[in-house]
Amino acid sequence: GGSAYLPTNSGLAVPIELTTAVHTDAGHRKDGSIYGTLSISTNYHSSTGDTYPSGISRMASYDLAHLMAETVSKDLSYYFKTTWTRRDTWNRNYSETRSPQIPSMILELLSHQNFTDMRYAHDPYVKFYVARSIYKSLLRYVNFQHGIKDVVVQPLPVKNLSVDLNSQQNSVELRWQPTADPLEPTASPSRYIVYTKIGNHGFDKGQVVDEPKFSMLIAPDVQYSFRVAALNEGGESFPSEEMTVYKALNERARVLIVNGFTRLSGPAIVQKADSIGFDIQKVSCSFVD
């Protein structure tokens with residue numbers, strides 16, 4: 001209350017611009033196809049009509065709901081080589097979209113009754129790209145509401161991070177590669193930030209570099225850990241995995257540690273004549289190659 005988005009109520013004037021509820025839906029398809037995504041808004045209220053107290057049209061909620069359902073369906077179809085069902089955008093009288101006095105929507109992401117949908121729902125990569133689709137929808141909606149049509153999307157995390165020790169010079173060199181986002185050309189990183197942790201201390205505030213590499217001198221008998229994030233005008237990516245290096249004062253040999261666990265997986269899929277579901281004690285193949 002008290003902000004430009006809710007001027008008629010008293011409050012602390014925190015400018016909350018929108019609300020979004022993420023649900024799963026009920027529904028089943030006998031042919032085993034994807035039930036898919038539905039979005040919901042309420043475009044008219046019996047007390048306030050077709051506008052919010054701020055004067056913003058209630059159709060802004062429809063615009064947000066439509067944009068998010070379109071983005072989720074397009075992204076999941078592309079990244080997971082499928083045809084993700086785009087069901088509809090409803091104008092309905094639901095509490096989560098009727099009661100808020102600012103633009104609001106419900107995203108019915110998928111059906112928890114439909115086995116095919118749940119195969120995707122348990123995949124960690126699907127969860128990541130769904131979250132990214134929601135973020136991109138909110139990014140574009142909020143910027144458009146403020147008259148900004150061209151947005152820069154946050155980069156994806158870097159990949160192939162490695163740390164090489166130069167014993168003679170008591171130095172280390174980090175190298176990594178940016179991760180391209182085929183659907184978002186603006187998501188390319190322009191810089192990177194390298195975080196360093198020395199001994200038992202926490203990570204520092206980071207050092208910004210222009211190229212996908214970084215070197216520094218190290219002291220013997222001290223453990224150093226690093227992680228890297230990509231930067232652009234849209235923000236900072238999630239950090240990379242953590243890499244560690246240690247130079248013994250009385251070095252006798254070299255040990256290279258390689259992380260062989262670079263993929264995530266959901267529970268194993270069980271689909272038999274007499275049973276269907278998931279085995280959380282086992283893992284399945286991911287939808288991502």
# chains A, B, ... in the order shown; residues from 1 in each chain; ligands from 1
>>> residues_around(residues="Ile276 in chain A", least_positions_apart="3", cutoff="12 Å", atoms="only C-alpha atoms", output="list of chain:residue names")
A:Gln113, A:Asn114, A:Phe115, A:Thr116, A:Met118, A:Arg119, A:Ala268, A:Ile269, A:Val270, A:Gln271, A:Lys272, A:Ala273, A:Asp279
>>> residues_around(residues="Ala69 in chain A", least_positions_apart="6", cutoff="8 Å", atoms="only C-alpha atoms", output="PDB file with C-alpha atoms, in the first residue's frame")
ATOM      1  CA  THR A  37       0.638 -25.450 -19.868  1.00  0.00           C
ATOM      2  CA  LEU A  38      -2.330 -23.202 -19.101  1.00  0.00           C
ATOM      3  CA  SER A  39      -2.260 -19.631 -17.783  1.00  0.00           C
ATOM      4  CA  ARG A  86       0.227 -24.765 -25.080  1.00  0.00           C
ATOM      5  CA  ASP A  88      -4.849 -21.688 -23.395  1.00  0.00           C
ATOM      6  CA  THR A  89      -4.934 -18.400 -21.481  1.00  0.00           C
ATOM      7  CA  LEU A 107       0.717 -20.532 -14.384  1.00  0.00           C
TER       8      LEU A 107
END
>>> residues_around(residues="Pro7 in chain A", least_positions_apart="3", cutoff="7 Å", atoms="only C-alpha atoms", output="PyMOL selection string")
chain A and resi 1-4+53-54
>>> residues_around(residues="Asp164 in chain A", least_positions_apart="3", cutoff="8 Å", atoms="only C-alpha atoms", output="PyMOL selection string")
chain A and resi 172-174
>>> write_last_selection(atoms="C-alpha atoms", output="short mmCIF file (atom, residue, chain, number, x, y, z; two decimals), in the first residue's frame")
data_model
loop_
_atom_site.label_atom_id
_atom_site.label_comp_id
_atom_site.auth_asym_id
_atom_site.auth_seq_id
_atom_site.Cartn_x
_atom_site.Cartn_y
_atom_site.Cartn_z
CA VAL A 172 47.44 -21.08 -11.15
CA GLU A 173 45.52 -20.44 -14.34
CA LEU A 174 41.76 -20.86 -14.65
#
>>> residues_around(residues="His112 in chain A", least_positions_apart="5", cutoff="8 Å", atoms="only C-alpha atoms", output="PyMOL selection string")
chain A and resi 24-27+117-118
>>> write_last_selection(atoms="all heavy atoms", output="tab-separated table (two decimals), in the first residue's frame")
chain	number	residue	atom	x	y	z
A	24	THR	N	0.61	-26.82	-10.43
A	24	THR	CA	0.39	-27.94	-11.36
A	24	THR	C	-1.10	-28.21	-11.40
A	24	THR	O	-1.84	-27.87	-10.47
A	24	THR	CB	1.16	-29.20	-10.94
A	24	THR	OG1	0.74	-29.60	-9.64
A	24	THR	CG2	2.65	-28.95	-10.95
A	25	ASP	N	-1.55	-28.80	-12.48
A	25	ASP	CA	-2.97	-28.95	-12.77
A	25	ASP	C	-3.37	-30.42	-12.69
A	25	ASP	O	-2.53	-31.31	-12.63
A	25	ASP	CB	-3.25	-28.40	-14.17
A	25	ASP	CG	-4.68	-27.91	-14.32
A	25	ASP	OD1	-5.47	-28.09	-13.37
A	25	ASP	OD2	-5.00	-27.36	-15.39
A	26	ALA	N	-4.67	-30.67	-12.70
A	26	ALA	CA	-5.19	-32.03	-12.83
A	26	ALA	C	-5.63	-32.23	-14.29
A	26	ALA	O	-6.06	-31.30	-14.95
A	26	ALA	CB	-6.37	-32.25	-11.89
A	27	GLY	N	-5.49	-33.44	-14.76
A	27	GLY	CA	-5.88	-33.74	-16.13
A	27	GLY	C	-5.07	-34.89	-16.69
A	27	GLY	O	-3.94	-35.13	-16.26
A	117	ASP	N	3.73	-35.80	-18.48
A	117	ASP	CA	4.12	-34.52	-17.90
A	117	ASP	C	5.06	-34.71	-16.72
A	117	ASP	O	6.06	-34.00	-16.56
A	117	ASP	CB	2.89	-33.75	-17.43
A	117	ASP	CG	2.05	-33.21	-18.57
A	117	ASP	OD1	1.99	-33.87	-19.62
A	117	ASP	OD2	1.45	-32.14	-18.41
A	118	MET	N	4.76	-35.71	-15.88
A	118	MET	CA	5.57	-35.91	-14.69
A	118	MET	C	6.95	-36.46	-15.01
A	118	MET	O	7.90	-36.26	-14.24
A	118	MET	CB	4.84	-36.84	-13.72
A	118	MET	CG	3.60	-36.20	-13.10
A	118	MET	SD	3.92	-34.57	-12.35
A	118	MET	CE	5.06	-35.02	-11.05
>>> select_by_dssp(residues="range 113-260 of chain A", states="strand (DSSP E or B)", output="ChimeraX atom specification")
/A:159-166,171-177,191-198,207-209,213-217,223-232,235-236,243-246
>>> select_by_dssp(residues="range 98-243 of chain A", states="helix (DSSP H, G or I)", output="PyMOL selection string")
chain A and resi 98+115-121+124-145+185-187
>>> write_last_selection(atoms="C-alpha atoms", output="CSV table (one decimal), in the first residue's frame")
chain,number,residue,atom,x,y,z
A,98,ARG,CA,-9.1,-11.8,-8.5
A,115,PHE,CA,2.4,-39.5,-16.5
A,116,THR,CA,4.2,-38.0,-19.5
A,117,ASP,CA,4.1,-34.5,-17.9
A,118,MET,CA,5.6,-35.9,-14.7
A,119,ARG,CA,8.4,-37.5,-16.6
A,120,TYR,CA,9.5,-34.0,-17.5
A,121,ALA,CA,8.6,-32.5,-14.1
A,124,PRO,CA,16.3,-31.3,-13.1
A,125,TYR,CA,17.1,-29.7,-16.5
A,126,VAL,CA,13.4,-29.2,-17.2
A,127,LYS,CA,13.0,-27.5,-13.8
A,128,PHE,CA,15.9,-25.2,-14.6
A,129,TYR,CA,14.6,-24.1,-18.0
A,130,VAL,CA,11.1,-23.7,-16.6
A,131,ALA,CA,12.4,-21.3,-14.0
A,132,ARG,CA,14.4,-19.5,-16.7
A,133,SER,CA,11.3,-19.2,-18.8
A,134,ILE,CA,9.4,-17.7,-15.9
A,135,TYR,CA,12.2,-15.2,-15.2
A,136,LYS,CA,12.4,-14.2,-18.9
A,137,SER,CA,8.6,-13.6,-19.0
A,138,LEU,CA,8.8,-11.4,-15.9
A,139,LEU,CA,11.8,-9.6,-17.3
A,140,ARG,CA,10.1,-8.7,-20.6
A,141,TYR,CA,6.8,-7.8,-19.0
A,142,VAL,CA,8.2,-5.5,-16.3
A,143,ASN,CA,10.5,-3.7,-18.8
A,144,PHE,CA,7.7,-3.3,-21.3
A,145,GLN,CA,5.5,-1.8,-18.6
A,185,PRO,CA,21.2,-13.9,-28.4
A,186,THR,CA,21.4,-11.1,-25.8
A,187,ALA,CA,22.4,-13.7,-23.1
>>> residues_around(residues="Phe238 in chain A", least_positions_apart="5", cutoff="10 Å", atoms="only C-alpha atoms", output="MDAnalysis selection string")
chainID A and resid 154:158 228:231
>>> residues_around(residues="Met105 in chain A", least_positions_apart="4", cutoff="7 Å", atoms="only C-alpha atoms", output="ChimeraX atom specification")
/A:19-21,40-41,61,65,97
>>> closest_residue(among="A:Phe226, A:Tyr246, A:Tyr195, A:Phe203", to="Leu165 in chain A", atoms="only C-alpha atoms")
A:Tyr246
